[in-house]
Amino acid sequence: MVLPSLAKIAVAALWANRLRSGLTLLGVIIGVTSVMTIISALEGMMGAIEDDLAVLGPTTFIITKAGGVITSHEQWMEMMKRKPLDMQSWKLLEEGCVLCEKICPRTDGSANVKRGNNTMKRVWVSGGTSNMIDIVDFEVAQGRFYSVEDDLYRRRVAFIGDDVREELFGQTDPLEKTIRIGGIRYTVCGVAKRRGSMFGESQDEFIYIPFSAHIKQFGYPRRGLRFAIKAQSLDELQNAQDQARMILRAQRHVPYNKPDDFTMMTADSILEMLNSFTRIFRMGLVGISSISLVVGGIVVMNIMMVSVTERTREIGIRKAIGAKQNHIMLQFLFEALVTTLGGGLVGIILGHFAASALVGLLDVDMSVSLFATLSGLIVSTGIGIIFGLYPAMKAARMDPIKALSYE
Amino acid sequence: MALIETDNLWKTYEMGSEKVHALRGVTISIQKGEYVAIMGPSGSGKSTLMNLIGCLDTPSEGEYLLNAKQVSTMNDDELASIRNREIGFVFQTFNLLPRASALHNVELPLIYNSSTSTDRLQLAEAALNKVELSDRMHHKPTELSGGQRQRVAIARALVNDPSLLLADEPTGNLDSKTSLEIMRLIDDLHRAGNTIIIVTHERDIANHAHRVLSILDGQIATDELIPEDRRTAI
């Protein structure tokens with residue numbers, strides 16, 4: 001029965017000093033808002049990257065000559081000296097890696113693309129075998145992806161991204177129409193479903209053509225091939241990776257005591273890498289924004305100190321008529337808590353909107369983050385307790401006689 | 001067993017390197033139902049004695065038994081709970097919470113002993129009724145006259161039905177007419193069976209009591225019973 005009464009007393013005291021309480025609240029709101037904005041925006045960004053990587057699918061891994069995090073010049077030099085992955089690697093993998101369900105060699109280039117008077121400069125043109133559609137998670141909006149036969153007979157067909165379609169065809173039907181890629185005529189066989197843009201960069205500006213046609217037009221890539229490989233199942237992912245690794249090490253004569261001279265990545269490992277790469281950056285951002293939270297806490301403490309001194313006589317009266325130390329302490333702690341929790345709630349809401357606006361500029365979807373909301377509540381409660389405790393204890397320990405005679 | 005029993009109370013304050021003895025061995029005994037005035041000039045130690053009797057402070061030496069409970073060795077919270085249950089304070093400056101209504105001021109002591117809110121309301125209303133302020137329940141202290149404020153304070157002191165009403169210069173801030181009114185109320189309360197101690201430096205006020213303890217230099221100088229014909233009669 002005591003607690004609700006004390007809470008009521010605290011709220012009444014805050015209400016009696018509306019302007020002061022409001023300003024204190026503002027301090028907390030600014031602090032919580034800035035931290036919430038940063039946390040939510042970071043979460044939204046990481047979530048978007050995660051979604052983007054999900055196109056690889058959980059059972060897919062990638063093998064490249066060089067990749068991953070490069071932390072030193074030596075590492076860079078070592079990677080540059082590596083032999084490229086070649087057609088022989090592909091053949092050996094196809095023959096030897098029985099746990100690899102699908103293997104897609106990839107090669108990239110860029111070219112100007114034309115349709116009538118419409119030209120797109122330097123479009124990313126990627127070559128891959130027809131099984132790419134089963135490995136990389138994109139969807140067909142119109143027409144079809146190219147087939148095994150297209151690849152086998154080196155047909156010049158193109159599967160285009162939505163931006164390319166829009167730019168070259170506008171409202172007209174692109175299927176079975178001819179476009180020129182680097183001057184060579186290709187027939188459009190299908191259009192990919194729109195993926196939107198991320199960080200201001202379109203993800204729909206690409207053309208896929210059959211592997212054989214790509215090699216024919218762009219030549220055999222000097223930097224070698226990349227492989228996108230789909231394991232039979234998630235359970236076999238590790239084994240498939242091991243199998244592919246053994247095959248490539250044997251082909252490239254890597255001594256048993258030397259590390260791989262190629263790089264193997266899964267969507268998970270890419271994400272992990274990205275996370276470790278941005279961790280310090282993210283912690284720094286949260287740390288800097290937390291400063292305003294500490295400032296907000298100091299404002300609360302300052303006001304509470306003033307409030308305690310100002311109400312010395314009230315404290316004396318309460319103690320004289322039987323308030324125990326805990327009663328007084330809780331009364332003032334409640335005041336601090338109501339301020340910081342109230343500020344916290346407003347801050348969480350404002351922070352969410354601010355983060356949406358911020359992340360919206362980067363073209364990333366964002367949902368209400370449970371983590372950000374919970375940490376906002378916990379942090380604002382914590383601030384209230386930490387910065388409210390000292391003034392509350394000061395009030396609780398007052399000598400009633402001195403407090404009563406305070407002018 | 002007396003309500004208040006003190007044995008050789010000393011209170012010593014350290015002022016820098018000097019020791020100041022505010023009380024030098026006070027031994028008194030006050031029975032339940034008594035009406036006692038404590039008199040003395042300023043600096044005599046009467047405030048210190050009142051603080052000790054009111055359980056706002058503990059003696060440096062000696063013993064104090066209130067209702068047979070040893071108060072001299074209690075800690076802060078135990079003293080608070082004794083004050084809450086056993087003692088009703090009336091102060092010279094009223095000491096009401098300025099922002100709270102009369103009713104809320106009166107129910108305040110009940111908040112700290114975990115009464116339910118309906119009980120609190122009932123008891124507070126009854127106490128305000130006793131001091132004839134039921135029509136001013138929702139007024140704030142600033143909207144009340146001095147005499148009315150002191151009556152609110154008396155209601156607050158009575159709300160917990162304490163064993164002792166301790167009034168420190170209860171008429172010090174009031175004009176003579178209002179003083180009389182308040183003293184009449186206190187006299188009535190004594191007649192109703194309350195034990196009352198008044199601390200004052202005015203002989204007129206002290207003479208309302210049935211027994212006057214005068215204190216000088218930290219010691220009891222005289223302890224006299226006032227015969228009925230010498231009491232200030234109202």
# chains A, B, ... in the order shown; residues from 1 in each chain; ligands from 1
$ residues_around --residues "region 71-87 of chain B" --least-positions-apart "3" --cutoff "9 Å" --atoms "only C-alpha atoms" --output "PDB file with C-alpha atoms, in the first residue's frame"
ATOM      1  CA  LYS A 319      10.452  12.036   8.581  1.00  0.00           C
ATOM      2  CA  ALA A 320       9.002  13.613  11.729  1.00  0.00           C
ATOM      3  CA  ILE A 321       5.639  12.007  11.153  1.00  0.00           C
ATOM      4  CA  GLY A 322       7.149   8.609  10.545  1.00  0.00           C
ATOM      5  CA  ALA A 323       8.618   8.217   7.050  1.00  0.00           C
ATOM      6  CA  LYS A 324      11.463   5.724   7.095  1.00  0.00           C
ATOM      7  CA  GLN A 325      14.627   6.174   5.036  1.00  0.00           C
ATOM      8  CA  ASN A 326      13.304   3.830   2.368  1.00  0.00           C
ATOM      9  CA  ARG A 397      19.628  10.265   5.275  1.00  0.00           C
TER      10      ARG A 397
ATOM     11  CA  LEU B  52      14.567  13.448  22.623  1.00  0.00           C
ATOM     12  CA  GLY B  54       9.717  13.194  20.437  1.00  0.00           C
ATOM     13  CA  CYS B  55      12.130  10.453  19.316  1.00  0.00           C
ATOM     14  CA  LEU B  56      13.650  12.739  16.726  1.00  0.00           C
ATOM     15  CA  ASP B  57      17.019  12.202  18.339  1.00  0.00           C
ATOM     16  CA  THR B  58      18.728   9.840  20.761  1.00  0.00           C
ATOM     17  CA  PRO B  59      20.566  10.836  23.965  1.00  0.00           C
ATOM     18  CA  SER B  60      24.345  10.744  24.255  1.00  0.00           C
ATOM     19  CA  GLU B  61      23.956   9.106  27.625  1.00  0.00           C
ATOM     20  CA  GLY B  62      21.126   7.875  29.797  1.00  0.00           C
ATOM     21  CA  GLU B  63      17.966   5.973  29.074  1.00  0.00           C
ATOM     22  CA  TYR B  64      14.586   6.881  27.689  1.00  0.00           C
ATOM     23  CA  LEU B  65      11.653   4.517  27.928  1.00  0.00           C
ATOM     24  CA  LEU B  66       8.517   5.399  26.003  1.00  0.00           C
ATOM     25  CA  ASN B  67       5.618   3.067  26.708  1.00  0.00           C
ATOM     26  CA  ALA B  68       8.175   0.699  28.251  1.00  0.00           C
ATOM     27  CA  PRO B 109       1.170   9.721   8.694  1.00  0.00           C
ATOM     28  CA  LEU B 110      -1.118   6.877   7.623  1.00  0.00           C
ATOM     29  CA  TYR B 112       3.814   5.486   6.144  1.00  0.00           C
ATOM     30  CA  ASN B 113       2.165   2.749   8.174  1.00  0.00           C
ATOM     31  CA  ALA B 157      -1.013  14.721  14.941  1.00  0.00           C
ATOM     32  CA  LEU B 158      -4.135  12.928  16.139  1.00  0.00           C
ATOM     33  CA  ASN B 160      -2.817   7.881  14.167  1.00  0.00           C
ATOM     34  CA  ASP B 161      -4.265   7.946  17.694  1.00  0.00           C
ATOM     35  CA  PRO B 162      -0.814   8.460  19.286  1.00  0.00           C
ATOM     36  CA  SER B 163       0.035   7.940  22.980  1.00  0.00           C
ATOM     37  CA  LEU B 164       1.510  11.416  23.174  1.00  0.00           C
ATOM     38  CA  LEU B 165       0.723  14.810  21.660  1.00  0.00           C
ATOM     39  CA  LEU B 166       3.884  16.887  21.573  1.00  0.00           C
TER      40      LEU B 166
END
$ closest_atom_pairs --of "region 12-117 of chain A" --to "region 134-158 of chain A" --cutoff "12 Å" --atoms "only C-alpha atoms" --output "JSON lines"
{"residue": "A:Asp51", "atom": "CA", "partner": "A:Asp137", "partner_atom": "CA", "distance": 11.1}
{"residue": "A:Asp52", "atom": "CA", "partner": "A:Asp137", "partner_atom": "CA", "distance": 10.0}
{"residue": "A:Leu53", "atom": "CA", "partner": "A:Asp137", "partner_atom": "CA", "distance": 9.6}
{"residue": "A:Ala54", "atom": "CA", "partner": "A:Asp137", "partner_atom": "CA", "distance": 7.7}
{"residue": "A:Val55", "atom": "CA", "partner": "A:Asp137", "partner_atom": "CA", "distance": 4.3}
{"residue": "A:Leu56", "atom": "CA", "partner": "A:Val136", "partner_atom": "CA", "distance": 5.1}
{"residue": "A:Gly57", "atom": "CA", "partner": "A:Asp137", "partner_atom": "CA", "distance": 6.5}
{"residue": "A:Pro58", "atom": "CA", "partner": "A:Ile135", "partner_atom": "CA", "distance": 10.0}
{"residue": "A:Thr59", "atom": "CA", "partner": "A:Ile135", "partner_atom": "CA", "distance": 8.8}
{"residue": "A:Thr60", "atom": "CA", "partner": "A:Ile135", "partner_atom": "CA", "distance": 6.8}
{"residue": "A:Phe61", "atom": "CA", "partner": "A:Ile135", "partner_atom": "CA", "distance": 9.4}
{"residue": "A:Ile62", "atom": "CA", "partner": "A:Ile135", "partner_atom": "CA", "distance": 10.5}
{"residue": "A:Cys100", "atom": "CA", "partner": "A:Ile135", "partner_atom": "CA", "distance": 11.4}
{"residue": "A:Glu101", "atom": "CA", "partner": "A:Ile135", "partner_atom": "CA", "distance": 9.8}
{"residue": "A:Lys102", "atom": "CA", "partner": "A:Ile135", "partner_atom": "CA", "distance": 7.4}
{"residue": "A:Ile103", "atom": "CA", "partner": "A:Ile135", "partner_atom": "CA", "distance": 8.4}
{"residue": "A:Cys104", "atom": "CA", "partner": "A:Ile135", "partner_atom": "CA", "distance": 7.9}
{"residue": "A:Pro105", "atom": "CA", "partner": "A:Ile135", "partner_atom": "CA", "distance": 11.2}
{"residue": "A:Arg106", "atom": "CA", "partner": "A:Val136", "partner_atom": "CA", "distance": 11.6}
{"residue": "A:Val113", "atom": "CA", "partner": "A:Ala158", "partner_atom": "CA", "distance": 11.3}
$ write_last_selection --atoms "N, CA and C atoms" --output "CSV table (one decimal), in the first residue's frame"
chain,number,residue,atom,x,y,z
A,51,ASP,N,19.5,-9.6,-45.7
A,51,ASP,CA,18.5,-9.9,-46.7
A,51,ASP,C,19.1,-10.1,-48.0
A,52,ASP,N,20.1,-9.2,-48.3
A,52,ASP,CA,20.7,-9.2,-49.6
A,52,ASP,C,21.5,-10.4,-49.8
A,53,LEU,N,22.2,-10.8,-48.7
A,53,LEU,CA,23.0,-12.0,-48.8
A,53,LEU,C,22.2,-13.3,-48.9
A,54,ALA,N,21.0,-13.1,-48.4
A,54,ALA,CA,20.1,-14.3,-48.4
A,54,ALA,C,19.8,-14.8,-49.8
A,55,VAL,N,20.1,-14.0,-50.9
A,55,VAL,CA,19.9,-14.5,-52.3
A,55,VAL,C,20.8,-15.6,-52.6
A,56,LEU,N,21.9,-15.7,-51.8
A,56,LEU,CA,22.8,-16.8,-52.0
A,56,LEU,C,22.2,-18.2,-51.5
A,57,GLY,N,21.3,-18.1,-50.6
A,57,GLY,CA,20.8,-19.3,-50.0
A,57,GLY,C,21.7,-19.9,-49.0
A,58,PRO,N,21.2,-20.6,-48.0
A,58,PRO,CA,22.0,-21.1,-46.9
A,58,PRO,C,22.9,-22.3,-47.3
A,59,THR,N,22.6,-23.0,-48.4
A,59,THR,CA,23.5,-24.2,-48.7
A,59,THR,C,24.5,-23.8,-49.8
A,60,THR,N,24.6,-22.6,-50.2
A,60,THR,CA,25.5,-22.2,-51.3
A,60,THR,C,26.8,-21.7,-50.7
A,61,PHE,N,27.9,-22.0,-51.4
A,61,PHE,CA,29.1,-21.4,-51.1
A,61,PHE,C,29.8,-21.0,-52.4
A,62,ILE,N,30.8,-20.1,-52.2
A,62,ILE,CA,31.4,-19.4,-53.3
A,62,ILE,C,32.9,-19.7,-53.2
A,100,CYS,N,28.7,-31.9,-54.1
A,100,CYS,CA,28.2,-30.6,-54.7
A,100,CYS,C,27.1,-30.9,-55.7
A,101,GLU,N,25.9,-30.4,-55.4
A,101,GLU,CA,24.8,-30.8,-56.2
A,101,GLU,C,24.8,-30.0,-57.5
A,102,LYS,N,25.1,-28.7,-57.4
A,102,LYS,CA,25.2,-27.9,-58.6
A,102,LYS,C,26.4,-27.0,-58.5
A,103,ILE,N,27.1,-26.9,-59.6
A,103,ILE,CA,28.3,-26.1,-59.7
A,103,ILE,C,28.1,-25.1,-60.9
A,104,CYS,N,28.3,-23.8,-60.5
A,104,CYS,CA,28.1,-22.8,-61.6
A,104,CYS,C,29.3,-21.9,-61.7
A,105,PRO,N,30.0,-22.1,-62.8
A,105,PRO,CA,31.2,-21.2,-63.0
A,105,PRO,C,30.7,-19.8,-63.4
A,106,ARG,N,31.4,-18.8,-62.9
A,106,ARG,CA,30.9,-17.4,-63.2
A,106,ARG,C,32.1,-16.6,-63.8
A,113,VAL,N,25.2,-1.3,-73.7
A,113,VAL,CA,24.1,-2.1,-74.2
A,113,VAL,C,23.1,-1.1,-75.0
$ interface_residues --of "chain A" --to "chain B" --cutoff "12 Å" --atoms "only C-alpha atoms" --output "PyMOL selection string"
chain A and resi 1-9+12-17+311-328+331+396-407
$ write_last_selection --atoms "N, CA and C atoms" --output "CSV table (one decimal), in the first residue's frame"
chain,number,residue,atom,x,y,z
A,1,MET,N,0.8,-1.2,0.0
A,1,MET,CA,0.0,0.0,0.0
A,1,MET,C,0.9,1.3,0.0
A,2,VAL,N,2.1,1.1,0.5
A,2,VAL,CA,3.0,2.3,0.6
A,2,VAL,C,3.4,2.7,-0.8
A,3,LEU,N,3.8,1.7,-1.6
A,3,LEU,CA,4.5,2.0,-2.9
A,3,LEU,C,3.6,2.9,-3.9
A,4,PRO,N,2.3,2.5,-4.1
A,4,PRO,CA,1.5,3.4,-5.0
A,4,PRO,C,1.4,4.8,-4.4
A,5,SER,N,1.3,4.9,-3.1
A,5,SER,CA,1.1,6.3,-2.5
A,5,SER,C,2.4,7.1,-2.8
A,6,LEU,N,3.6,6.4,-2.6
A,6,LEU,CA,4.8,7.1,-2.9
A,6,LEU,C,5.0,7.5,-4.4
A,7,ALA,N,4.5,6.6,-5.2
A,7,ALA,CA,4.6,6.9,-6.7
A,7,ALA,C,3.7,8.1,-7.0
A,8,LYS,N,2.5,8.1,-6.3
A,8,LYS,CA,1.6,9.2,-6.5
A,8,LYS,C,2.2,10.6,-6.1
A,9,ILE,N,2.8,10.5,-4.9
A,9,ILE,CA,3.5,11.7,-4.4
A,9,ILE,C,4.6,12.2,-5.4
A,12,ALA,N,3.0,13.8,-8.4
A,12,ALA,CA,2.4,15.1,-8.0
A,12,ALA,C,3.5,16.1,-7.9
A,13,ALA,N,4.7,15.8,-7.3
A,13,ALA,CA,5.8,16.7,-7.2
A,13,ALA,C,6.3,17.1,-8.6
A,14,LEU,N,6.4,16.1,-9.5
A,14,LEU,CA,6.8,16.5,-10.8
A,14,LEU,C,5.9,17.4,-11.5
A,15,TRP,N,4.6,17.2,-11.3
A,15,TRP,CA,3.5,18.0,-11.9
A,15,TRP,C,3.6,19.4,-11.4
A,16,ALA,N,3.9,19.5,-10.1
A,16,ALA,CA,3.9,20.8,-9.5
A,16,ALA,C,5.0,21.7,-10.1
A,17,ASN,N,6.1,21.0,-10.5
A,17,ASN,CA,7.2,21.7,-11.2
A,17,ASN,C,7.3,21.4,-12.6
A,311,ARG,N,13.4,20.9,-1.1
A,311,ARG,CA,12.3,20.3,-0.3
A,311,ARG,C,12.8,19.7,1.0
A,312,THR,N,13.9,20.3,1.5
A,312,THR,CA,14.5,19.8,2.8
A,312,THR,C,13.4,19.8,3.9
A,313,ARG,N,12.7,20.9,3.9
A,313,ARG,CA,11.7,21.0,5.0
A,313,ARG,C,10.6,19.9,4.8
A,314,GLU,N,10.2,19.7,3.6
A,314,GLU,CA,9.2,18.7,3.4
A,314,GLU,C,9.7,17.3,3.8
A,315,ILE,N,11.0,17.1,3.5
A,315,ILE,CA,11.6,15.8,4.0
A,315,ILE,C,11.6,15.7,5.5
A,316,GLY,N,11.9,16.9,6.1
A,316,GLY,CA,11.9,16.9,7.6
A,316,GLY,C,10.5,16.6,8.1
A,317,ILE,N,9.5,17.2,7.5
A,317,ILE,CA,8.1,16.9,8.0
A,317,ILE,C,7.8,15.4,7.8
A,318,ARG,N,8.1,14.9,6.7
A,318,ARG,CA,7.7,13.5,6.4
A,318,ARG,C,8.4,12.6,7.4
A,319,LYS,N,9.7,12.9,7.7
A,319,LYS,CA,10.5,12.0,8.6
A,319,LYS,C,9.9,12.2,10.0
A,320,ALA,N,9.5,13.4,10.4
A,320,ALA,CA,9.0,13.6,11.7
A,320,ALA,C,7.7,12.8,12.0
A,321,ILE,N,6.9,12.7,10.9
A,321,ILE,CA,5.6,12.0,11.2
A,321,ILE,C,5.7,10.5,10.8
A,322,GLY,N,7.0,10.1,10.6
A,322,GLY,CA,7.1,8.6,10.5
A,322,GLY,C,7.6,8.0,9.2
A,323,ALA,N,8.1,8.8,8.3
A,323,ALA,CA,8.6,8.2,7.0
A,323,ALA,C,10.0,7.6,7.3
A,324,LYS,N,10.2,6.4,6.9
A,324,LYS,CA,11.5,5.7,7.1
A,324,LYS,C,12.4,6.1,5.9
A,325,GLN,N,13.7,5.8,6.1
A,325,GLN,CA,14.6,6.2,5.0
A,325,GLN,C,14.2,5.7,3.7
A,326,ASN,N,13.7,4.4,3.7
A,326,ASN,CA,13.3,3.8,2.4
A,326,ASN,C,12.1,4.6,1.7
A,327,HIS,N,11.2,5.0,2.6
A,327,HIS,CA,10.1,5.8,2.0
A,327,HIS,C,10.5,7.0,1.3
A,328,ILE,N,11.4,7.8,1.9
A,328,ILE,CA,11.9,9.0,1.3
A,328,ILE,C,12.7,8.7,0.1
A,331,GLN,N,10.5,7.7,-2.8
A,331,GLN,CA,9.8,8.8,-3.3
A,331,GLN,C,10.6,9.6,-4.3
A,396,ALA,N,17.1,10.7,1.9
A,396,ALA,CA,16.7,9.7,2.9
A,396,ALA,C,17.5,9.8,4.2
A,397,ARG,N,18.8,10.3,4.1
A,397,ARG,CA,19.6,10.3,5.3
A,397,ARG,C,19.6,11.6,6.0
A,398,MET,N,18.7,12.5,5.6
A,398,MET,CA,18.7,13.8,6.3
A,398,MET,C,18.3,13.6,7.8
A,399,ASP,N,18.9,14.5,8.6
A,399,ASP,CA,18.5,14.5,10.0
A,399,ASP,C,17.2,15.2,10.1
A,400,PRO,N,16.1,14.6,10.7
A,400,PRO,CA,14.8,15.3,10.7
A,400,PRO,C,14.9,16.6,11.4
A,401,ILE,N,15.7,16.7,12.5
A,401,ILE,CA,15.7,18.0,13.3
A,401,ILE,C,16.3,19.1,12.4
A,402,LYS,N,17.4,18.8,11.8
A,402,LYS,CA,18.0,19.9,10.9
A,402,LYS,C,17.1,20.2,9.7
A,403,ALA,N,16.5,19.1,9.2
A,403,ALA,CA,15.6,19.4,8.0
A,403,ALA,C,14.4,20.2,8.4
A,404,LEU,N,13.9,20.0,9.6
A,404,LEU,CA,12.7,20.8,10.0
A,404,LEU,C,13.1,22.3,10.2
A,405,SER,N,14.3,22.5,10.7
A,405,SER,CA,14.6,23.9,11.0
A,405,SER,C,15.3,24.6,9.8
A,406,TYR,N,15.3,23.9,8.6
A,406,TYR,CA,15.9,24.5,7.4
A,406,TYR,C,15.0,25.6,6.8
A,407,GLU,N,15.7,26.7,6.5
A,407,GLU,CA,14.9,27.8,6.0
A,407,GLU,C,15.1,27.9,4.5
$ select_by_dssp --residues "region 44-126 of chain B" --states "helix (DSSP H, G or I)" --output "PyMOL selection string"
chain B and resi 46-53+76-86+102-111+117-126
$ write_last_selection --atoms "C-alpha atoms" --output "PDB file, in the first residue's frame"
ATOM      1  CA  LYS B  46      14.164  22.593  26.151  1.00  0.00           C
ATOM      2  CA  SER B  47      14.265  22.043  22.383  1.00  0.00           C
ATOM      3  CA  THR B  48      16.829  19.307  22.848  1.00  0.00           C
ATOM      4  CA  LEU B  49      14.645  17.672  25.484  1.00  0.00           C
ATOM      5  CA  MET B  50      11.649  17.919  23.185  1.00  0.00           C
ATOM      6  CA  ASN B  51      13.591  16.319  20.335  1.00  0.00           C
ATOM      7  CA  LEU B  52      14.567  13.448  22.623  1.00  0.00           C
ATOM      8  CA  ILE B  53      11.062  12.945  23.982  1.00  0.00           C
ATOM      9  CA  ASP B  76      16.768   5.854  12.391  1.00  0.00           C
ATOM     10  CA  ASP B  77      14.030   3.641  10.975  1.00  0.00           C
ATOM     11  CA  GLU B  78      12.921   2.287  14.374  1.00  0.00           C
ATOM     12  CA  LEU B  79      12.642   5.867  15.619  1.00  0.00           C
ATOM     13  CA  ALA B  80      10.611   6.752  12.538  1.00  0.00           C
ATOM     14  CA  SER B  81       8.167   3.990  13.194  1.00  0.00           C
ATOM     15  CA  ILE B  82       7.872   4.960  16.904  1.00  0.00           C
ATOM     16  CA  ARG B  83       7.215   8.566  15.878  1.00  0.00           C
ATOM     17  CA  ASN B  84       4.626   7.369  13.443  1.00  0.00           C
ATOM     18  CA  ARG B  85       2.676   5.278  15.932  1.00  0.00           C
ATOM     19  CA  GLU B  86       3.270   6.889  19.337  1.00  0.00           C
ATOM     20  CA  ALA B 102      -5.757  19.654   4.322  1.00  0.00           C
ATOM     21  CA  LEU B 103      -7.086  16.144   3.882  1.00  0.00           C
ATOM     22  CA  HIS B 104      -3.902  14.905   2.265  1.00  0.00           C
ATOM     23  CA  ASN B 105      -1.794  16.551   4.946  1.00  0.00           C
ATOM     24  CA  VAL B 106      -3.790  14.789   7.628  1.00  0.00           C
ATOM     25  CA  GLU B 107      -3.631  11.379   5.988  1.00  0.00           C
ATOM     26  CA  LEU B 108       0.140  11.644   5.533  1.00  0.00           C
ATOM     27  CA  PRO B 109       1.170   9.721   8.694  1.00  0.00           C
ATOM     28  CA  LEU B 110      -1.118   6.877   7.623  1.00  0.00           C
ATOM     29  CA  ILE B 111       0.688   6.511   4.302  1.00  0.00           C
ATOM     30  CA  SER B 117      -6.454   4.269   1.078  1.00  0.00           C
ATOM     31  CA  THR B 118     -10.078   3.889   2.203  1.00  0.00           C
ATOM     32  CA  ASP B 119      -8.989   3.605   5.847  1.00  0.00           C
ATOM     33  CA  ARG B 120      -6.769   6.618   5.396  1.00  0.00           C
ATOM     34  CA  LEU B 121      -9.579   8.723   4.033  1.00  0.00           C
ATOM     35  CA  GLN B 122     -11.952   7.714   6.803  1.00  0.00           C
ATOM     36  CA  LEU B 123      -9.475   8.367   9.606  1.00  0.00           C
ATOM     37  CA  ALA B 124      -8.322  11.662   8.128  1.00  0.00           C
ATOM     38  CA  GLU B 125     -11.881  12.883   7.743  1.00  0.00           C
ATOM     39  CA  ALA B 126     -12.654  11.888  11.320  1.00  0.00           C
TER      40      ALA B 126
END
$ select_by_dssp --residues "region 211-255 of chain A" --states "strand (DSSP E or B)" --output "MDAnalysis selection string"
chainID A and resid 226:231
$ residues_around --residues "Asp204 (chain B)" --least-positions-apart "5" --cutoff "10 Å" --atoms "only C-alpha atoms" --output "list of chain:residue names"
B:Ala209, B:Arg231, B:Thr232
$ residues_around --residues "region 205-221 of chain A" --least-positions-apart "6" --cutoff "10 Å" --atoms "only C-alpha atoms" --output "ChimeraX atom specification"
/A:84-87,104-111,113,120,122-130,132,145-167,181-182,184,186,188-192,194-197
$ atom_distance --atom1 "CA of Ala228 (chain A)" --atom2 "CA of Ile63 (chain A)"
6.6 Å
$ residues_around --residues "Gly297 (chain A)" --least-positions-apart "6" --cutoff "7 Å" --atoms "only C-alpha atoms" --output "list in words"
Val28, Ile383 and Phe387 of chain A
$ atom_distance --atom1 "CA of Gly47 (chain A)" --atom2 "CA of Ala267 (chain A)"
13.4 Å
$ residues_around --residues "Glu143 (chain B)" --least-positions-apart "3" --cutoff "12 Å" --atoms "only C-alpha atoms" --output "VMD selection string"
chain B and resid 98 to 102 136 to 140 146 to 149
$ closest_residue --among "A:Ile38, A:Leu389, A:Leu168, A:Ile70" --to "Ile348 (chain A)" --atoms "only C-alpha atoms"
A:Ile38
$ closest_residue --among "B:Leu180, B:Val159, B:Ile38, B:Ala153" --to "Arg211 (chain B)" --atoms "only C-alpha atoms"
B:Ile38
$ closest_residue --among "B:Ile197, B:Ile4, B:Ile154, B:Ile186" --to "Ile30 (chain B)" --atoms "only C-alpha atoms"
B:Ile4
$ atom_distance --atom1 "CA of His210 (chain B)" --atom2 "CA of Glu228 (chain B)"
7.7 Å
$ residues_around --residues "region 371-382 of chain A" --least-positions-apart "6" --cutoff "6 Å" --atoms "only C-alpha atoms" --output "ChimeraX atom specification"
/A:340-341,344
